[in-house]
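Enquirer: start.cif is the file, holding mmCIF, C-alpha atoms and all ligand atoms:
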data_entry
#
loop_
_atom_site.label_atom_id
_atom_site.label_comp_id
_atom_site.auth_asym_id
_atom_site.auth_seq_id
_atom_site.Cartn_x
_atom_site.Cartn_y
_atom_site.Cartn_z
CA MET T 1 44.99 103.33 56.49
CA LEU T 2 48.37 103.99 58.05
CA GLY T 3 50.46 106.45 56.10
CA ASN T 4 54.14 105.87 55.37
CA PHE T 5 56.65 106.46 58.13
CA SER T 6 60.06 105.58 59.44
CA TYR T 7 60.58 104.95 63.13
CA ARG T 8 63.48 104.84 65.52
CA ASN T 9 63.89 106.25 68.98
CA ALA T 10 67.38 107.31 69.94
CA THR T 11 66.99 107.48 73.73
CA LYS T 12 68.05 104.65 76.00
CA LEU T 13 65.75 104.36 79.01
CA TYR T 14 66.46 102.96 82.45
CA PHE T 15 63.22 102.53 84.34
CA GLY T 16 62.41 101.53 87.90
CA GLU T 17 63.42 101.93 91.52
CA ASP T 18 67.06 101.12 90.81
CA ALA T 19 67.35 103.04 87.56
CA ILE T 20 69.94 105.43 88.99
CA ASP T 21 72.38 102.52 89.30
CA HIS T 22 72.88 102.84 85.54
CA LEU T 23 74.08 106.43 85.67
CA SER T 24 77.69 105.39 86.25
CA GLU T 25 77.79 103.18 83.16
CA GLU T 26 76.36 106.00 81.06
CA LEU T 27 78.86 108.50 82.45
CA GLN T 28 81.74 106.32 81.17
CA LYS T 29 80.78 107.34 77.63
CA TYR T 30 81.40 111.05 78.16
CA GLY T 31 84.28 113.34 79.11
CA LYS T 32 85.01 114.87 82.47
CA ASN T 33 83.00 118.08 82.45
CA ILE T 34 79.36 117.65 83.38
CA GLN T 35 76.97 120.60 83.41
CA LEU T 36 74.50 119.68 86.14
CA ILE T 37 71.20 121.29 85.20
CA TYR T 38 68.37 121.55 87.71
CA GLY T 39 65.48 123.76 88.72
CA GLY T 40 64.56 125.85 91.73
CA GLY T 41 65.72 123.46 94.43
CA SER T 42 63.29 120.54 94.73
CA ILE T 43 66.14 118.10 94.09
CA LYS T 44 68.09 119.58 97.00
CA ARG T 45 65.11 119.16 99.32
CA ASN T 46 64.30 115.57 98.36
CA GLY T 47 67.87 114.25 98.30
CA ILE T 48 68.19 113.52 94.58
CA TYR T 49 70.86 116.22 94.22
CA ASP T 50 73.12 114.59 96.82
CA GLU T 51 72.64 111.18 95.25
CA ILE T 52 73.63 112.44 91.79
CA VAL T 53 76.55 114.54 93.00
CA LYS T 54 77.97 111.51 94.80
CA ILE T 55 77.76 109.40 91.64
CA LEU T 56 79.39 112.16 89.57
CA LYS T 57 82.22 112.51 92.10
CA ASP T 58 82.71 108.75 92.38
CA ASN T 59 83.17 108.73 88.62
CA GLY T 60 85.79 111.47 88.80
CA LYS T 61 83.71 114.09 87.00
CA ASN T 62 83.97 117.87 87.27
CA ILE T 63 80.59 119.24 88.21
CA ILE T 64 79.61 122.51 86.62
CA GLU T 65 76.57 123.83 88.44
CA ASP T 66 73.67 125.18 86.41
CA GLY T 67 70.67 125.45 88.73
CA GLY T 68 67.71 127.79 88.73
CA VAL T 69 66.04 126.60 85.54
CA MET T 70 62.51 127.96 85.90
CA PRO T 71 59.29 126.24 84.87
CA ASN T 72 58.67 127.49 81.30
CA PRO T 73 62.39 128.18 80.73
CA THR T 74 63.29 131.45 79.06
CA ILE T 75 65.63 132.22 76.20
CA ASP T 76 67.61 134.48 78.56
CA LYS T 77 68.29 131.50 80.81
CA VAL T 78 69.24 129.45 77.74
CA ARG T 79 71.79 132.11 76.77
CA ASP T 80 73.22 131.86 80.26
CA GLY T 81 73.45 128.07 79.96
CA ILE T 82 75.23 128.37 76.61
CA ARG T 83 77.80 130.69 78.21
CA ILE T 84 78.38 128.24 81.08
CA ALA T 85 78.82 125.34 78.66
CA ARG T 86 81.29 127.27 76.50
CA GLU T 87 83.36 128.56 79.40
CA ASN T 88 83.70 125.07 80.85
CA ASN T 89 84.11 122.98 77.72
CA VAL T 90 81.21 120.84 78.77
CA ASP T 91 81.05 117.18 77.66
CA LEU T 92 77.56 116.28 78.87
CA LEU T 93 74.50 118.29 79.87
CA LEU T 94 72.86 116.33 82.67
CA SER T 95 69.32 117.49 83.33
CA VAL T 96 67.86 116.51 86.70
CA GLY T 97 64.25 117.61 86.89
CA GLY T 98 61.08 117.84 84.84
CA GLY T 99 60.39 118.84 81.27
CA SER T 100 61.61 122.40 81.80
CA CYS T 101 65.15 121.29 82.69
CA CYS T 102 65.26 118.74 79.89
CA ASP T 103 63.91 121.17 77.27
CA TYR T 104 66.40 123.77 78.45
CA ALA T 105 69.27 121.26 78.22
CA LYS T 106 68.31 120.48 74.61
CA ALA T 107 68.17 124.18 73.70
CA VAL T 108 71.63 124.69 75.18
CA SER T 109 72.95 121.50 73.54
CA ILE T 110 72.23 122.70 70.01
CA SER T 111 73.50 126.22 70.59
CA VAL T 112 76.87 125.81 72.33
CA ASN T 113 78.78 125.31 69.08
CA CYS T 114 76.57 127.52 66.96
CA ASP T 115 77.38 131.14 66.11
CA GLU T 116 73.86 132.12 65.15
CA ASP T 117 71.40 133.57 67.62
CA PRO T 118 69.54 130.60 69.17
CA TRP T 119 66.14 132.31 69.35
CA GLU T 120 66.26 133.39 65.72
CA LYS T 121 67.63 130.10 64.40
CA TYR T 122 65.57 127.57 66.32
CA PHE T 123 62.50 129.30 67.67
CA GLU T 124 61.80 131.82 64.90
CA ARG T 125 63.09 130.12 61.74
CA MET T 126 62.57 126.61 63.19
CA GLU T 127 65.81 125.31 61.66
CA GLU T 128 67.38 121.97 62.49
CA PRO T 129 70.77 122.16 64.23
CA SER T 130 73.72 122.49 61.87
CA CYS T 131 76.55 122.44 64.39
CA GLU T 132 78.02 119.87 66.74
CA ILE T 133 75.54 119.00 69.50
CA VAL T 134 76.60 118.53 73.11
CA PRO T 135 74.94 115.33 74.38
CA VAL T 136 72.08 115.53 76.88
CA GLY T 137 71.24 113.00 79.60
CA CYS T 138 68.12 113.17 81.72
CA VAL T 139 67.18 112.13 85.24
CA LEU T 140 63.44 112.60 85.31
CA THR T 141 61.61 113.84 88.42
CA LEU T 142 58.20 114.78 86.97
CA ALA T 143 56.09 112.69 84.60
CA GLY T 144 54.27 114.64 81.93
CA THR T 145 56.02 116.20 78.99
CA GLY T 146 57.72 113.17 77.43
CA SER T 147 60.78 115.39 76.98
CA GLU T 148 62.93 112.52 78.29
CA MET T 149 62.43 110.62 75.03
CA ASN T 150 61.67 113.22 72.39
CA GLY T 151 63.19 116.14 70.50
CA GLY T 152 60.86 118.83 71.82
CA SER T 153 62.28 121.97 73.40
CA VAL T 154 59.77 124.59 74.51
CA ILE T 155 61.27 127.99 75.30
CA THR T 156 59.64 131.28 76.29
CA ASN T 157 60.67 134.72 75.09
CA ASN T 158 59.31 137.16 77.66
CA ASP T 159 60.14 140.24 75.57
CA LEU T 160 58.14 138.98 72.60
CA LYS T 161 55.51 137.23 74.75
CA LEU T 162 55.97 134.03 72.76
CA LYS T 163 56.34 130.43 73.94
CA VAL T 164 57.58 128.26 71.10
CA GLY T 165 58.22 124.51 70.97
CA PRO T 166 60.06 123.22 67.92
CA VAL T 167 60.45 119.44 67.68
CA PHE T 168 63.96 118.47 66.63
CA GLY T 169 65.24 115.28 65.06
CA GLU T 170 66.65 112.28 66.87
CA GLU T 171 70.16 113.72 67.29
CA VAL T 172 68.63 116.14 69.82
CA PHE T 173 66.86 113.44 71.86
CA PRO T 174 68.45 112.77 75.25
CA LYS T 175 71.05 110.02 74.89
CA PHE T 176 69.68 108.36 78.00
CA ALA T 177 66.93 108.89 80.54
CA ILE T 178 66.78 107.60 84.09
CA MET T 179 63.23 107.14 85.29
CA ASN T 180 62.55 106.20 88.89
CA PRO T 181 58.83 106.63 89.64
CA LYS T 182 59.69 107.18 93.31
CA TYR T 183 61.44 110.42 92.37
CA THR T 184 58.01 111.83 91.55
CA TYR T 185 56.56 111.16 95.03
CA THR T 186 57.60 114.58 96.35
CA LEU T 187 55.75 116.49 93.63
CA PRO T 188 53.05 118.80 94.94
CA GLN T 189 49.61 117.40 93.99
CA LYS T 190 49.02 120.34 91.64
CA GLN T 191 52.16 119.50 89.65
CA MET T 192 51.31 115.81 89.60
CA VAL T 193 47.86 116.38 88.12
CA ALA T 194 49.12 119.02 85.70
CA GLY T 195 51.56 116.40 84.43
CA ILE T 196 48.77 113.84 84.21
CA TYR T 197 46.66 116.13 82.08
CA ASP T 198 49.67 116.98 79.92
CA ILE T 199 50.01 113.25 79.22
CA PHE T 200 46.31 112.85 78.45
CA ASN T 201 46.27 115.85 76.17
CA HIS T 202 49.37 114.75 74.26
CA ILE T 203 47.45 111.63 73.41
CA CYS T 204 44.32 113.61 72.46
CA GLU T 205 46.36 115.85 70.17
CA GLN T 206 47.48 112.82 68.19
CA TYR T 207 44.18 110.94 68.41
CA PHE T 208 41.74 113.65 67.30
CA SER T 209 42.79 113.76 63.68
CA GLY T 210 41.97 111.54 60.73
CA GLU T 211 39.12 109.02 60.54
CA ASP T 212 41.12 105.95 59.67
CA ASP T 213 41.19 102.65 61.47
CA ASN T 214 44.83 102.42 62.51
CA THR T 215 46.96 100.86 65.21
CA SER T 216 48.23 104.23 66.47
CA ASP T 217 44.70 105.14 67.60
CA TYR T 218 44.22 101.81 69.39
CA ILE T 219 47.48 102.37 71.26
CA ALA T 220 46.33 105.90 72.08
CA GLU T 221 43.09 104.59 73.60
CA ALA T 222 44.97 102.11 75.78
CA LEU T 223 47.31 104.85 77.00
CA MET T 224 44.39 107.15 77.80
CA LYS T 225 42.64 104.43 79.79
CA SER T 226 45.80 103.65 81.69
CA VAL T 227 46.50 107.25 82.69
CA VAL T 228 42.89 107.93 83.73
CA HIS T 229 42.84 104.75 85.83
CA SER T 230 46.19 105.43 87.50
CA SER T 231 45.41 109.11 88.09
CA LEU T 232 42.44 108.21 90.30
CA ILE T 233 44.64 105.96 92.42
CA ALA T 234 47.52 108.46 92.61
CA ILE T 235 45.39 111.36 93.85
CA GLU T 236 44.26 109.19 96.76
CA ASP T 237 47.67 107.70 97.44
CA PRO T 238 50.58 109.60 95.84
CA GLU T 239 52.96 106.83 96.96
CA ASP T 240 51.17 104.03 95.15
CA TYR T 241 54.15 102.75 93.17
CA GLU T 242 52.10 100.94 90.57
CA ALA T 243 50.04 104.03 89.75
CA ARG T 244 53.05 106.37 89.71
CA SER T 245 55.06 104.01 87.54
CA ASN T 246 52.19 103.58 85.09
CA ILE T 247 51.82 107.35 84.89
CA MET T 248 55.52 107.80 84.26
CA TRP T 249 55.64 105.15 81.57
CA THR T 250 52.49 106.43 79.89
CA ALA T 251 53.94 109.94 79.77
CA THR T 252 56.92 108.67 77.82
CA TRP T 253 54.83 106.74 75.28
CA ALA T 254 52.36 109.57 74.92
CA LEU T 255 54.98 111.77 73.31
CA ASN T 256 57.93 109.80 72.05
CA THR T 257 56.80 109.83 68.38
CA LEU T 258 55.20 106.35 68.46
CA ILE T 259 51.50 107.16 68.37
CA GLU T 260 51.85 109.77 65.66
CA CYS T 261 53.21 107.16 63.26
CA GLY T 262 51.29 107.04 60.01
CA LYS T 263 48.67 109.64 60.90
CA SER T 264 48.01 113.35 61.01
CA THR T 265 48.05 115.16 64.36
CA ASP T 266 46.30 118.24 65.72
CA TRP T 267 48.18 120.14 68.52
CA MET T 268 45.80 123.13 68.65
CA VAL T 269 45.18 122.80 72.42
CA HIS T 270 48.94 123.04 72.89
CA MET T 271 49.23 126.00 70.54
CA ILE T 272 46.60 127.93 72.50
CA GLY T 273 47.97 126.69 75.84
CA GLN T 274 51.50 127.79 74.97
CA SER T 275 50.31 131.27 74.10
CA VAL T 276 48.44 131.39 77.42
CA GLY T 277 51.71 130.31 79.05
CA ALA T 278 53.60 133.18 77.43
CA TYR T 279 51.13 135.65 78.98
CA THR T 280 50.63 134.07 82.40
CA ASP T 281 53.69 131.85 83.06
CA ALA T 282 51.12 129.33 84.31
CA THR T 283 51.84 125.61 84.75
CA HIS T 284 51.81 124.00 81.31
CA GLY T 285 49.30 121.22 82.03
CA MET T 286 46.88 123.73 83.55
CA THR T 287 47.01 125.96 80.49
CA LEU T 288 45.87 122.92 78.52
CA SER T 289 43.09 121.90 80.91
CA ALA T 290 41.72 125.46 80.98
CA VAL T 291 41.16 125.62 77.21
CA SER T 292 40.51 121.96 76.34
CA LEU T 293 36.74 121.63 76.73
CA PRO T 294 35.82 124.81 74.85
CA TYR T 295 38.14 123.63 72.07
CA TYR T 296 36.92 120.02 71.89
CA ARG T 297 33.26 121.02 72.11
CA TYR T 298 33.85 123.43 69.23
CA ILE T 299 35.56 120.94 66.90
CA MET T 300 33.47 117.92 67.89
CA PRO T 301 30.96 118.29 65.00
CA TYR T 302 33.85 118.27 62.50
CA GLY T 303 35.24 114.99 63.82
CA LEU T 304 32.07 113.45 65.18
CA LYS T 305 32.94 109.86 64.34
CA LYS T 306 36.14 110.00 66.37
CA PHE T 307 34.46 111.70 69.31
CA VAL T 308 31.86 108.90 69.34
CA ARG T 309 34.65 106.33 69.36
CA PHE T 310 36.43 108.27 72.15
CA ALA T 311 33.24 108.26 74.25
CA GLN T 312 32.70 104.53 73.85
CA GLU T 313 36.28 103.25 73.98
CA VAL T 314 37.84 105.55 76.58
CA TRP T 315 34.85 106.47 78.76
CA ASN T 316 32.62 103.41 78.35
CA ILE T 317 29.62 105.47 77.26
CA SER T 318 26.78 103.19 76.18
CA PRO T 319 25.49 104.05 72.71
CA ASP T 320 22.03 102.51 73.25
CA GLY T 321 19.19 104.69 72.05
CA LYS T 322 21.42 107.74 71.57
CA THR T 323 22.36 109.85 68.58
CA ASP T 324 26.03 110.20 67.66
CA VAL T 325 26.03 113.76 68.97
CA GLN T 326 24.62 112.62 72.32
CA ILE T 327 27.24 109.89 72.65
CA ALA T 328 30.06 112.29 71.78
CA GLU T 329 28.78 114.90 74.22
CA GLU T 330 28.55 112.32 77.00
CA GLY T 331 32.16 111.37 76.31
CA LEU T 332 33.28 114.96 76.76
CA GLU T 333 31.17 115.24 79.91
CA ALA T 334 32.89 112.16 81.33
CA MET T 335 36.24 113.68 80.49
CA GLU T 336 35.21 116.94 82.17
CA ASN T 337 34.11 115.08 85.32
CA TRP T 338 37.42 113.26 85.47
CA MET T 339 39.34 116.51 85.03
CA LYS T 340 37.41 118.12 87.89
CA THR T 341 37.82 115.04 90.09
CA ILE T 342 41.60 115.11 89.87
CA GLY T 343 41.66 118.86 90.54
CA LEU T 344 42.66 120.50 87.27
CA THR T 345 42.21 124.19 86.58
CA MET T 346 39.18 124.51 84.31
CA ASN T 347 39.29 128.15 83.24
CA LEU T 348 41.74 130.89 82.35
CA THR T 349 40.65 133.25 85.13
CA ASP T 350 41.98 130.82 87.72
CA LEU T 351 45.34 130.88 85.92
CA GLY T 352 45.61 134.63 86.36
CA ALA T 353 44.68 135.53 82.79
CA THR T 354 42.62 138.66 82.24
CA LYS T 355 40.32 139.52 79.38
CA ASP T 356 42.61 142.26 78.09
CA MET T 357 45.00 139.43 77.16
CA ILE T 358 42.55 137.80 74.74
CA ASP T 359 43.85 139.53 71.61
CA GLY T 360 47.48 138.97 72.54
CA ILE T 361 46.94 135.28 73.33
CA THR T 362 45.09 134.92 70.02
CA ASP T 363 47.89 136.59 68.07
CA GLY T 364 50.51 134.41 69.77
CA THR T 365 48.69 131.17 68.87
CA PHE T 366 50.20 129.28 65.95
CA ILE T 367 47.57 127.67 63.72
CA THR T 368 48.15 124.04 62.82
CA ASP T 369 46.34 122.23 60.02
CA GLY T 370 46.26 118.57 61.07
CA GLY T 371 43.07 118.51 63.15
CA TYR T 372 39.42 118.28 62.19
CA LYS T 373 39.05 121.99 61.52
CA VAL T 374 41.67 124.54 60.55
CA LEU T 375 40.73 127.40 62.84
CA THR T 376 40.62 131.06 61.90
CA LYS T 377 41.95 133.69 64.28
CA ASP T 378 38.36 134.67 65.05
CA GLU T 379 37.49 131.10 66.03
CA ILE T 380 40.58 130.92 68.26
CA ARG T 381 39.57 134.21 69.90
CA GLU T 382 36.11 132.79 70.63
CA ILE T 383 37.54 129.59 72.13
CA ILE T 384 39.84 131.66 74.34
CA ARG T 385 36.94 133.94 75.31
CA SER T 386 34.79 130.99 76.32
CA SER T 387 37.66 129.56 78.40
CA PHE T 388 37.36 132.41 80.94
O1 LIG S 1 62.27 123.74 89.85
P1 LIG S 1 62.11 122.73 90.92
O2 LIG S 1 62.41 123.26 92.28
O3 LIG S 1 62.83 121.45 90.63
O4 LIG S 1 60.51 122.40 91.00
C1 LIG S 1 59.80 121.91 89.90
C2 LIG S 1 58.94 122.97 89.24
O5 LIG S 1 58.60 123.99 90.13
C3 LIG S 1 58.78 120.95 90.43
N1 LIG S 1 59.29 119.59 90.53
C4 LIG S 1 59.77 118.80 89.55
N2 LIG S 1 60.05 117.57 90.02
C5 LIG S 1 59.75 117.60 91.34
C6 LIG S 1 59.28 118.88 91.67
N3 LIG S 1 58.90 119.21 92.93
C7 LIG S 1 58.98 118.27 93.88
N4 LIG S 1 59.41 117.01 93.62
C8 LIG S 1 59.79 116.63 92.38
N5 LIG S 1 60.17 115.37 92.13
O6 LIG S 1 57.74 120.96 89.47
C9 LIG S 1 57.67 122.25 88.88
C10 LIG S 1 57.41 122.12 87.40
O7 LIG S 1 58.52 121.54 86.76
P2 LIG S 1 58.62 121.58 85.16
O8 LIG S 1 59.85 120.91 84.75
O9 LIG S 1 58.40 122.99 84.72
O10 LIG S 1 57.32 120.75 84.74
P3 LIG S 1 57.04 119.88 83.46
O11 LIG S 1 57.78 118.61 83.48
O12 LIG S 1 55.58 119.83 83.35
O13 LIG S 1 57.64 120.75 82.26
C11 LIG S 1 56.94 121.83 81.72
C12 LIG S 1 57.68 122.43 80.54
O14 LIG S 1 57.81 121.47 79.47
C13 LIG S 1 57.23 122.00 78.28
C14 LIG S 1 56.16 122.93 78.83
O15 LIG S 1 55.70 123.85 77.87
C15 LIG S 1 56.88 123.59 79.97
O16 LIG S 1 57.72 124.62 79.52
N6 LIG S 1 56.78 120.91 77.40
C16 LIG S 1 57.71 120.17 76.78
C17 LIG S 1 57.38 119.21 75.85
C18 LIG S 1 58.38 118.40 75.13
N7 LIG S 1 59.64 118.58 75.36
O17 LIG S 1 58.02 117.58 74.32
C19 LIG S 1 56.00 118.94 75.47
C20 LIG S 1 55.01 119.50 76.41
O18 LIG S 1 53.78 119.66 75.69
C21 LIG S 1 55.39 120.79 77.05
O19 LIG S 1 55.05 121.87 76.21
ZN ZN S 2 52.18 119.25 76.75
#
Let me see the file written as structure tokens.
Expert:
Amino acid sequence: MLGNFSYRNATKLYFGEDAIDHLSEELQKYGKNIQLIYGGGSIKRNGIYDEIVKILKDNGKNIIEDGGVMPNPTIDKVRDGIRIARENNVDLLLSVGGGSCCDYAKAVSISVNCDEDPWEKYFERMEEPSCEIVPVGCVLTLAGTGSEMNGGSVITNNDLKLKVGPVFGEEVFPKFAIMNPKYTYTLPQKQMVAGIYDIFNHICEQYFSGEDDNTSDYIAEALMKSVVHSSLIAIEDPEDYEARSNIMWTATWALNTLIECGKSTDWMVHMIGQSVGAYTDATHGMTLSAVSLPYYRYIMPYGLKKFVRFAQEVWNISPDGKTDVQIAEEGLEAMENWMKTIGLTMNLTDLGATKDMIDGITDGTFITDGGYKVLTKDEIREIIRSSF
């Protein structure tokens, strides 16, 4: 049975090869001062930077540069962004990049007009914003996180070795997102597949919980099939527009609050993966792939029915003559084969983690209670240990 919920998504999307043509009309809605947020320089190399700067100038905007947002953005960088926004009376935070830039923009947006310390308020006490929010717009260049259409903002505190991702309400969602699948063509293969697994795992996190027959789970299965199918095409031909556009669109729907409607959700792979990220600074999607199979194999007996359904519906495993456990195991094997085929990192050693980090990663893992088994710290430690 579907539980009760309310649903609205506040982000306006422009999707397709000509999506950038809509930037000018969006810019009309905001004042002159635009904080242009981007990462380590990919947008300068692939020409997106020049394209955006021209549009901003044609619209008479003042461009306030804020580059250098790192993957897994830090709270120190956020503090820097807040300073830039305050000094320049910024009217719009325009993020041009992947999830890191967009998450960073959101963290800045809720802190500019707030006197409290952003880490303590949002990432420790997990409060909702209580001050005026500077609007965020997003030009997406990497499909994966869903940050373009959600309220998530994942920030790392290197001093505390914590990576924390509160999910804020709709006022923090980007006001608009521009999504041209061609912008993702220049991604290194490793980043593309990390994004693909991020998408797949977002769906898993919302699918592997509850036993009910509900529409959200049917949508989740369709999204999983689509991303698996398109991933196999995209690794052979990264410029296959159909595959790249399907991946981009699936990423958005995988984490824009739709498929969690009316059901419980898990998020334990992300909780462990984020703690791994705080210790290794590894690529987000790879932190998830490295711990996923030990985790799912461990919880499978507690949610057997759903793992059987996953095997049959997503991986076409035939149930004939097999026990439920066999079917479920074959499903996870099929998933493992797919993960290896597209080139994901399958263990923590390859991410640069060392065994002396096990206790710290365990301590930094938040325990959620929506999945099939509420884990103890000892169980988390064992899952991390078997991910090496
Ligand atoms: O920094 P530049 O030079 O731009 O290079 C980036 C970066 O090195 C590169 N890149 C992006 N688009 C490119 C490109 N290179 C060539 N061509 C392009 N078109 O890719 C690298 C990774 O970028 P990043 O933004 O870090 O990746 P992603 O989109 O995967 O974002 C990861 C961050 O999002 C958080 C993660 O934890 C991590 O911090 N997440 C956010 C979520 C949310 N808001 O809901 C949910 C996710 O579960 C996730 O936790
Ligand atoms: Zn993720």
Enquirer: Excluding T:Asn158 and residues on its chain fewer than 4 positions from it, collect all residues at most 10 Å away from it, counting all atoms listed in the file, and give them as a VMD selection string.
Expert: chain T and resid 73 to 76 162 to 163 278 to 279 281
Enquirer: Compare T:Gln28, T:Asn89, T:Ser289, T:Asn4 by their minimum atom-to-atom distance to T:Gly273, counting only C-alpha atoms, and give me the closest one.
Expert: T:Ser289
Enquirer: From the list T:Glu221, T:Glu333, T:Asp240, T:Glu313, which residue is nearest T:Phe200 when using all atoms listed in the file?
Expert: T:Glu221
Enquirer: Rounded to one decimal place, report the atom CA of T:Tyr183-atom CA of T:His22 distance in Å.
Expert: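 About the pair atom CA of T:Tyr183 and atom CA of T:His22: they are 15.3 Å apart.
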Enquirer: Please compute the atom CA of T:Val325-atom CA of T:Lys373 distance, one decimal, in Å.
Expert: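 According to the coordinates, atom CA of T:Val325 and atom CA of T:Lys373 are separated by 17.1 Å.
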Enquirer: Enumerate residues in contact with ligand LIG 1 (chain S): an atom-to-atom distance of at most 8 Å, counting only C-alpha atoms and all ligand atoms. Format the result as an MDAnalysis selection string.
Expert: chainID T and resid 38:43 46 68:73 97:103 140:148 150:156 163 165 167 183:188 191 194:195 198 202 255 270 274 277 283:285
Enquirer: May I have the residues from that selection written out with C-alpha atoms, as a PDB file, keeping the file's coordinate frame?
Expert:
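And here is the file that came out, result37.pdb:
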ATOM      1  CA  TYR T  38      68.370 121.550  87.710  1.00  0.00           C
ATOM      2  CA  GLY T  39      65.480 123.760  88.720  1.00  0.00           C
ATOM      3  CA  GLY T  40      64.560 125.850  91.730  1.00  0.00           C
ATOM      4  CA  GLY T  41      65.720 123.460  94.430  1.00  0.00           C
ATOM      5  CA  SER T  42      63.290 120.540  94.730  1.00  0.00           C
ATOM      6  CA  ILE T  43      66.140 118.100  94.090  1.00  0.00           C
ATOM      7  CA  ASN T  46      64.300 115.570  98.360  1.00  0.00           C
ATOM      8  CA  GLY T  68      67.710 127.790  88.730  1.00  0.00           C
ATOM      9  CA  VAL T  69      66.040 126.600  85.540  1.00  0.00           C
ATOM     10  CA  MET T  70      62.510 127.960  85.900  1.00  0.00           C
ATOM     11  CA  PRO T  71      59.290 126.240  84.870  1.00  0.00           C
ATOM     12  CA  ASN T  72      58.670 127.490  81.300  1.00  0.00           C
ATOM     13  CA  PRO T  73      62.390 128.180  80.730  1.00  0.00           C
ATOM     14  CA  GLY T  97      64.250 117.610  86.890  1.00  0.00           C
ATOM     15  CA  GLY T  98      61.080 117.840  84.840  1.00  0.00           C
ATOM     16  CA  GLY T  99      60.390 118.840  81.270  1.00  0.00           C
ATOM     17  CA  SER T 100      61.610 122.400  81.800  1.00  0.00           C
ATOM     18  CA  CYS T 101      65.150 121.290  82.690  1.00  0.00           C
ATOM     19  CA  CYS T 102      65.260 118.740  79.890  1.00  0.00           C
ATOM     20  CA  ASP T 103      63.910 121.170  77.270  1.00  0.00           C
ATOM     21  CA  LEU T 140      63.440 112.600  85.310  1.00  0.00           C
ATOM     22  CA  THR T 141      61.610 113.840  88.420  1.00  0.00           C
ATOM     23  CA  LEU T 142      58.200 114.780  86.970  1.00  0.00           C
ATOM     24  CA  ALA T 143      56.090 112.690  84.600  1.00  0.00           C
ATOM     25  CA  GLY T 144      54.270 114.640  81.930  1.00  0.00           C
ATOM     26  CA  THR T 145      56.020 116.200  78.990  1.00  0.00           C
ATOM     27  CA  GLY T 146      57.720 113.170  77.430  1.00  0.00           C
ATOM     28  CA  SER T 147      60.780 115.390  76.980  1.00  0.00           C
ATOM     29  CA  GLU T 148      62.930 112.520  78.290  1.00  0.00           C
ATOM     30  CA  ASN T 150      61.670 113.220  72.390  1.00  0.00           C
ATOM     31  CA  GLY T 151      63.190 116.140  70.500  1.00  0.00           C
ATOM     32  CA  GLY T 152      60.860 118.830  71.820  1.00  0.00           C
ATOM     33  CA  SER T 153      62.280 121.970  73.400  1.00  0.00           C
ATOM     34  CA  VAL T 154      59.770 124.590  74.510  1.00  0.00           C
ATOM     35  CA  ILE T 155      61.270 127.990  75.300  1.00  0.00           C
ATOM     36  CA  THR T 156      59.640 131.280  76.290  1.00  0.00           C
ATOM     37  CA  LYS T 163      56.340 130.430  73.940  1.00  0.00           C
ATOM     38  CA  GLY T 165      58.220 124.510  70.970  1.00  0.00           C
ATOM     39  CA  VAL T 167      60.450 119.440  67.680  1.00  0.00           C
ATOM     40  CA  TYR T 183      61.440 110.420  92.370  1.00  0.00           C
ATOM     41  CA  THR T 184      58.010 111.830  91.550  1.00  0.00           C
ATOM     42  CA  TYR T 185      56.560 111.160  95.030  1.00  0.00           C
ATOM     43  CA  THR T 186      57.600 114.580  96.350  1.00  0.00           C
ATOM     44  CA  LEU T 187      55.750 116.490  93.630  1.00  0.00           C
ATOM     45  CA  PRO T 188      53.050 118.800  94.940  1.00  0.00           C
ATOM     46  CA  GLN T 191      52.160 119.500  89.650  1.00  0.00           C
ATOM     47  CA  ALA T 194      49.120 119.020  85.700  1.00  0.00           C
ATOM     48  CA  GLY T 195      51.560 116.400  84.430  1.00  0.00           C
ATOM     49  CA  ASP T 198      49.670 116.980  79.920  1.00  0.00           C
ATOM     50  CA  HIS T 202      49.370 114.750  74.260  1.00  0.00           C
ATOM     51  CA  LEU T 255      54.980 111.770  73.310  1.00  0.00           C
ATOM     52  CA  HIS T 270      48.940 123.040  72.890  1.00  0.00           C
ATOM     53  CA  GLN T 274      51.500 127.790  74.970  1.00  0.00           C
ATOM     54  CA  GLY T 277      51.710 130.310  79.050  1.00  0.00           C
ATOM     55  CA  THR T 283      51.840 125.610  84.750  1.00  0.00           C
ATOM     56  CA  HIS T 284      51.810 124.000  81.310  1.00  0.00           C
ATOM     57  CA  GLY T 285      49.300 121.220  82.030  1.00  0.00           C
TER      58      GLY T 285
END
Enquirer: If you count all atoms listed in the file, which residues fall within 12 Å of stretch 7-12 of chain T, apart from same-chain ones fewer than 6 positions away, as a PyMOL selection string?
Expert: chain T and resi 19+22-23+26+135-139+146-151+169-179+252-253+255-262
Enquirer: Counting all atoms listed in the file, which of T:Ile299, T:Leu94, T:Val308, T:Val164 gets nearest to ligand ZN 2 (chain S)?
Expert: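 Closest to ligand ZN 2 (chain S) of all the choices is T:Val164.
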Enquirer: Just checking: using all atoms listed in the file, which residue out of T:Leu56, T:Ile82, T:Met271, T:Leu160 ends up closest to ligand ZN 2 (chain S)?
Expert: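 Answer, going by the shortest atom-to-atom distance: T:Met271.
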Enquirer: Pick from T:Met192, T:Glu124, T:Asp369, T:Trp249: nearest to T:Leu223, with all atoms listed in the file counted?
Expert: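 Among the listed residues, T:Trp249 lies closest to T:Leu223.
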Enquirer: Near stretch 340-357 of chain T, within 6 Å and counting only C-alpha atoms, which residues show up once chain neighbours fewer than 2 positions away are dropped, as number ranges by chain?
Expert: T: 286, 289-290, 337-338, 359-361, 387-388
Enquirer: How many Å separate atom CA of T:Ala311 from atom CA of T:Ile327?
Expert: 6.4 Å
